[in-house]
file structure23.txt (compact mmCIF, C-alpha atoms)
# COMPACT_ATOMS: atom_id res chain seq x y z
CA MET I 11 -56.36 -8.64 -10.82
CA ARG I 12 -54.91 -10.36 -13.82
CA PHE I 13 -51.96 -12.61 -14.53
CA LEU I 14 -49.98 -12.16 -17.71
CA SER I 15 -47.20 -14.29 -19.13
CA ARG I 16 -45.28 -14.52 -22.35
CA LYS I 17 -44.21 -17.85 -23.71
CA GLY I 18 -41.74 -18.44 -26.48
CA MET I 19 -38.15 -18.95 -27.42
CA PHE I 20 -36.10 -16.02 -26.17
CA CYS I 21 -32.53 -15.05 -26.71
CA ARG I 22 -30.67 -13.41 -23.84
CA SER I 23 -31.52 -9.84 -24.92
CA CYS I 24 -35.18 -10.55 -25.72
CA GLY I 25 -35.65 -12.48 -22.48
CA LEU I 26 -34.13 -9.71 -20.34
CA ALA I 27 -36.15 -7.06 -22.20
CA THR I 28 -39.36 -9.04 -21.61
CA TYR I 29 -38.51 -9.67 -17.94
CA ARG I 30 -37.74 -5.98 -17.33
CA GLU I 31 -40.85 -4.74 -19.13
CA MET I 32 -43.26 -7.11 -17.38
CA SER I 33 -41.67 -6.69 -13.93
CA ALA I 34 -41.76 -2.89 -14.29
CA LYS I 35 -45.46 -3.07 -15.15
CA THR I 36 -46.01 -5.34 -12.15
CA LEU I 37 -44.24 -2.84 -9.86
CA TRP I 38 -46.51 -0.06 -11.05
CA GLN I 39 -49.81 -1.82 -11.76
CA GLY I 40 -49.67 -4.81 -9.43
CA TRP I 41 -50.80 -3.17 -6.19
CA TRP I 42 -54.36 -2.16 -6.94
CA SER I 43 -56.32 -4.88 -5.15
CA PRO I 44 -56.29 -6.15 -1.56
CA LEU I 45 -54.87 -9.56 -2.50
CA SER I 46 -52.18 -7.95 -4.60
CA VAL I 47 -50.31 -6.85 -1.49
CA VAL I 48 -49.35 -10.52 -1.11
CA ILE I 49 -49.45 -11.67 -4.73
CA THR I 50 -47.34 -8.89 -6.29
CA PRO I 51 -44.19 -9.60 -4.24
CA LEU I 52 -44.60 -13.32 -4.94
CA THR I 53 -44.95 -12.62 -8.66
CA LEU I 54 -41.80 -10.50 -8.63
CA LEU I 55 -39.93 -13.26 -6.82
CA MET I 56 -41.20 -15.86 -9.29
CA ASN I 57 -39.93 -13.66 -12.15
CA LEU I 58 -36.39 -13.99 -10.81
CA GLY I 59 -36.24 -17.63 -11.98
CA PRO I 60 -36.66 -16.84 -15.70
CA ARG I 61 -34.38 -13.81 -15.31
CA GLY I 62 -31.60 -16.05 -13.99
CA ARG I 63 -32.05 -18.44 -16.90
CA PHE I 64 -31.97 -15.57 -19.42
CA ARG I 65 -28.76 -14.18 -17.92
CA LYS I 66 -27.03 -17.55 -18.33
CA LEU I 67 -27.67 -17.55 -22.07
CA ALA I 68 -24.95 -16.48 -24.46
CA ALA I 69 -25.23 -13.14 -26.25
CA PRO I 70 -27.43 -13.39 -29.35
CA THR I 71 -25.76 -13.91 -32.72
CA GLY I 72 -27.29 -14.10 -36.16
CA GLY I 73 -31.01 -14.72 -36.25
CA PHE I 74 -33.64 -13.67 -38.73
CA ARG I 75 -34.44 -10.37 -36.99
CA PRO I 76 -32.69 -8.05 -34.52
CA SER I 77 -33.09 -8.86 -30.82
CA LEU I 78 -34.92 -6.56 -28.43
CA ASP I 79 -32.99 -3.95 -26.50
CA PRO I 80 -33.07 -4.88 -22.80
CA GLY I 81 -33.00 -1.16 -21.95
CA LYS I 82 -32.41 0.18 -18.45
CA SER I 83 -32.20 -2.19 -15.54
CA LEU I 84 -35.45 -2.75 -13.66
CA LEU I 85 -34.65 -0.46 -10.73
CA ARG I 86 -33.73 2.44 -13.04
CA ARG I 87 -37.06 2.52 -14.86
CA PRO I 88 -39.71 5.16 -14.04
CA GLU I 89 -42.27 2.47 -13.17
CA ALA I 90 -39.95 1.08 -10.50
CA LEU I 91 -39.34 4.54 -9.08
CA LEU I 92 -43.09 5.03 -8.69
CA PHE I 93 -42.97 2.02 -6.38
CA LEU I 94 -39.58 2.45 -4.73
CA VAL I 95 -39.90 6.12 -3.69
CA PRO I 96 -43.11 5.62 -1.62
CA MET I 97 -41.69 2.40 -0.12
CA ALA I 98 -38.48 4.21 0.83
CA LEU I 99 -40.53 7.00 2.43
CA VAL I 100 -42.50 4.43 4.44
CA ALA I 101 -39.28 2.68 5.46
CA VAL I 102 -37.85 6.00 6.70
CA ALA I 103 -41.10 7.24 8.26
CA ILE I 104 -41.57 4.26 10.60
CA PRO I 105 -38.28 4.71 12.52
CA VAL I 106 -38.67 8.51 12.49
CA LEU I 107 -42.15 8.27 14.02
CA PHE I 108 -40.86 5.80 16.59
CA VAL I 109 -37.97 8.09 17.59
CA CYS I 110 -40.29 11.12 17.73
CA GLY I 111 -42.68 9.16 19.93
CA VAL I 112 -39.88 8.27 22.33
CA PHE I 113 -38.67 11.87 22.59
CA ILE I 114 -42.18 13.27 22.98
CA ASP I 115 -42.94 10.68 25.66
CA GLU I 116 -39.72 11.51 27.53
CA ALA I 117 -40.44 15.23 27.32
CA GLY I 118 -43.79 14.68 28.98
CA VAL I 119 -45.78 16.21 26.15
CA GLY I 120 -49.34 14.98 26.30
CA LYS I 121 -49.06 13.76 29.90
CA ALA I 122 -51.28 15.12 32.61
CA PRO I 123 -49.37 17.14 35.19
CA THR I 124 -48.74 15.48 38.53
CA LEU I 125 -50.62 17.55 41.06
CA ALA I 126 -49.40 18.27 44.58
CA VAL I 127 -51.33 19.64 47.53
CA GLY I 128 -51.45 23.44 47.25
CA ASP I 129 -51.23 23.57 43.43
CA CYS I 130 -53.77 25.68 41.60
CA VAL I 131 -55.16 24.46 38.30
CA ARG I 132 -57.31 25.49 35.39
CA ASN I 133 -59.39 22.94 33.48
CA GLU I 134 -59.17 23.44 29.71
CA GLY I 135 -61.67 20.64 29.01
CA ASP I 136 -64.86 19.38 30.57
CA TRP I 137 -64.83 17.12 33.62
CA LYS I 138 -65.33 14.00 31.58
CA ASP I 139 -62.18 14.73 29.55
CA GLN I 140 -60.09 16.72 32.02
CA ASP I 141 -57.26 18.84 30.68
CA LEU I 142 -55.77 20.29 33.84
CA GLU I 143 -53.02 22.89 33.65
CA ILE I 144 -51.08 24.05 36.70
CA VAL I 145 -51.26 27.84 37.04
CA ASP I 146 -50.10 30.41 39.59
CA CYS I 147 -52.50 30.58 42.54
CA GLY I 148 -52.53 34.40 42.41
CA SER I 149 -53.56 34.57 38.76
CA ALA I 150 -57.10 35.02 37.49
CA ASP I 151 -56.78 31.72 35.63
CA ALA I 152 -56.71 29.69 38.87
CA GLU I 153 -60.06 27.88 39.04
CA TYR I 154 -59.33 25.14 41.60
CA LYS I 155 -56.82 24.38 44.34
CA VAL I 156 -55.61 20.91 45.25
CA THR I 157 -56.66 20.36 48.86
CA ARG I 158 -55.37 16.81 49.30
CA THR I 159 -54.46 13.62 47.51
CA LEU I 160 -55.97 10.26 48.29
CA ASP I 161 -53.84 7.14 48.00
CA SER I 162 -56.44 4.68 49.26
CA SER I 163 -59.65 3.67 47.56
CA LYS I 164 -61.36 3.87 50.98
CA ASP I 165 -60.68 7.62 51.36
CA GLN I 166 -63.06 10.14 49.81
CA CYS I 167 -62.97 13.81 48.96
CA ALA I 168 -64.93 16.11 51.29
CA ASP I 169 -68.32 17.54 50.34
CA GLY I 170 -67.96 20.33 47.80
CA GLU I 171 -64.58 19.04 46.57
CA LEU I 172 -64.17 17.72 43.05
CA ILE I 173 -62.37 14.52 42.17
CA ALA I 174 -59.71 15.13 39.57
CA ASP I 175 -56.41 13.93 38.22
CA ILE I 176 -56.94 10.22 38.76
CA GLN I 177 -53.58 8.55 38.14
CA PHE I 178 -53.09 4.82 37.91
CA SER I 179 -49.80 3.13 38.70
CA ARG I 180 -48.97 -0.54 38.94
CA ASP I 181 -50.10 -0.99 42.54
CA LYS I 182 -52.22 2.02 43.50
CA VAL I 183 -54.58 4.73 42.37
CA THR I 184 -53.94 8.35 43.33
CA VAL I 185 -56.82 10.86 43.34
CA SER I 186 -56.54 14.62 43.78
CA CYS I 187 -59.31 16.54 45.53
CA LEU I 188 -60.00 20.05 44.22
CA ALA I 189 -61.82 22.94 45.82
CA PRO I 190 -62.74 26.20 44.12
CA ALA I 191 -59.79 28.63 44.27
CA ARG I 192 -61.95 31.67 45.04
call {"tool": "encode", "arguments": {"input": "structure23.txt", "output": "structure tokens"}}
result
Amino acid sequence: MRFLSRKGMFCRSCGLATYREMSAKTLWQGWWSPLSVVITPLTLLMNLGPRGRFRKLAAPTGGFRPSLDPGKSLLRRPEALLFLVPMALVAVAIPVLFVCGVFIDEAGVGKAPTLAVGDCVRNEGDWKDQDLEIVDCGSADAEYKVTRTLDSSKDQCADGELIADIQFSRDKVTVSCLAPAR
């Protein structure tokens, strides 16, 4: 991290050219350290003070050498675009991801199926990380059949039955008992 400044007597054109050049470099080069995430925006805000003072000056006249060309405005320079395009993508991506998350959640994608007594299931995962899929009881894919559901923590599955599909709600826990389908 480094801090650069230019001191001197500036006419309007030279001051704006200096402001635009240094701010464009800050937009491109100012983000490469952890502290710069905070310091770079502050530096850009602090640069607005001198910019305002330069803009209030009258147009240059006379002088012993020609004034600097202010060039393109700050936001139309390539250095600024290297900063603005990724920031615009981030600004668009956050709401898009939020909306996608809402629609995916409403569609039930990623949710475990709610099992009812008599359903047949196939486990795509291991028992630690169950991935139960409801299948037709007559198909060869049917591994287990739901024999009953327990709504009380005092109830237990019968011997030989597997505990699966534990679902938690605000006030109760529901457990499905599975027996081999064959």
call {"tool": "atom_distance", "arguments": {"input": "structure23.txt", "atom1": "CA of Trp41 (chain I)", "atom2": "CA of Leu92 (chain I)"}}
result
11.5 Å
call {"tool": "closest_residue", "arguments": {"input": "structure23.txt", "among": "I:Leu45, I:Cys147, I:Leu37, I:Ala69", "to": "Cys24 (chain I)", "atoms": "only C-alpha atoms"}}
result
I:Ala69
call {"tool": "axis_aligned_box", "arguments": {"input": "structure23.txt", "around": "region 145-150 of chain I", "padding_each_side": "3 Å", "output": "JSON"}}
result
{"center_x": -53.6, "center_y": 31.4, "center_z": 39.8, "size_x": 13.0, "size_y": 13.2, "size_z": 11.5}
call {"tool": "closest_residue", "arguments": {"input": "structure23.txt", "among": "I:Glu31, I:Asp161, I:Glu171, I:Asp141", "to": "Ser83 (chain I)", "atoms": "all atoms listed in the file"}}
result
I:Glu31
call {"tool": "atom_distance", "arguments": {"input": "structure23.txt", "atom1": "CA of Leu78 (chain I)", "atom2": "CA of Arg65 (chain I)"}}
result
14.4 Å
call {"tool": "closest_residue", "arguments": {"input": "structure23.txt", "among": "I:Arg63, I:Arg158, I:Arg30, I:Arg22", "to": "Gly81 (chain I)", "atoms": "all atoms listed in the file"}}
result
I:Arg30
call {"tool": "closest_residue", "arguments": {"input": "structure23.txt", "among": "I:Lys155, I:Leu85, I:Ile114, I:Lys17", "to": "Arg132 (chain I)", "atoms": "only C-alpha atoms"}}
result
I:Lys155
call {"tool": "closest_residue", "arguments": {"input": "structure23.txt", "among": "I:Arg75, I:Lys82, I:Lys138, I:Arg12", "to": "Ala27 (chain I)", "atoms": "all atoms listed in the file"}}
result
I:Lys82
call {"tool": "residues_around", "arguments": {"input": "structure23.txt", "residues": "Asp169 (chain I)", "least_positions_apart": "5", "cutoff": "12 Å", "atoms": "all atoms listed in the file", "output": "ChimeraX atom specification"}}
result
/I:187-189
call {"tool": "write_last_selection", "arguments": {"input": "structure23.txt", "atoms": "C-alpha atoms", "output": "PDB file, in the coordinates of the input"}}
result
ATOM      1  CA  CYS I 187     -59.310  16.540  45.530  1.00  0.00           C
ATOM      2  CA  LEU I 188     -60.000  20.050  44.220  1.00  0.00           C
ATOM      3  CA  ALA I 189     -61.820  22.940  45.820  1.00  0.00           C
TER       4      ALA I 189
END
call {"tool": "atom_distance", "arguments": {"input": "structure23.txt", "atom1": "CA of Arg61 (chain I)", "atom2": "CA of Pro80 (chain I)"}}
result
11.7 Å
call {"tool": "closest_residue", "arguments": {"input": "structure23.txt", "among": "I:Lys35, I:Leu125, I:Asp139, I:Gly18", "to": "Leu160 (chain I)", "atoms": "only C-alpha atoms"}}
result
I:Leu125
call {"tool": "residues_around", "arguments": {"input": "structure23.txt", "residues": "Ala126 (chain I)", "least_positions_apart": "4", "cutoff": "10 Å", "atoms": "only C-alpha atoms", "output": "ChimeraX atom specification"}}
result
/I:130,144,155-159,186
call {"tool": "residues_near_point", "arguments": {"input": "structure23.txt", "point": "(-58.9, 25.8, 32.7)", "cutoff": "10 Å", "atoms": "all atoms listed in the file", "output": "PyMOL selection string"}}
result
chain I and resi 131-136+140-145+151-154
call {"tool": "write_last_selection", "arguments": {"input": "structure23.txt", "atoms": "C-alpha atoms", "output": "short mmCIF file (atom, residue, chain, number, x, y, z; two decimals), keeping the file's coordinate frame"}}
result
data_model
loop_
_atom_site.label_atom_id
_atom_site.label_comp_id
_atom_site.auth_asym_id
_atom_site.auth_seq_id
_atom_site.Cartn_x
_atom_site.Cartn_y
_atom_site.Cartn_z
CA VAL I 131 -55.16 24.46 38.30
CA ARG I 132 -57.31 25.49 35.39
CA ASN I 133 -59.39 22.94 33.48
CA GLU I 134 -59.17 23.44 29.71
CA GLY I 135 -61.67 20.64 29.01
CA ASP I 136 -64.86 19.38 30.57
CA GLN I 140 -60.09 16.72 32.02
CA ASP I 141 -57.26 18.84 30.68
CA LEU I 142 -55.77 20.29 33.84
CA GLU I 143 -53.02 22.89 33.65
CA ILE I 144 -51.08 24.05 36.70
CA VAL I 145 -51.26 27.84 37.04
CA ASP I 151 -56.78 31.72 35.63
CA ALA I 152 -56.71 29.69 38.87
CA GLU I 153 -60.06 27.88 39.04
CA TYR I 154 -59.33 25.14 41.60
#
call {"tool": "residues_around", "arguments": {"input": "structure23.txt", "residues": "Leu94 (chain I)", "least_positions_apart": "6", "cutoff": "12 Å", "atoms": "only C-alpha atoms", "output": "ChimeraX atom specification"}}
result
/I:34,37-38,84-88,100-101
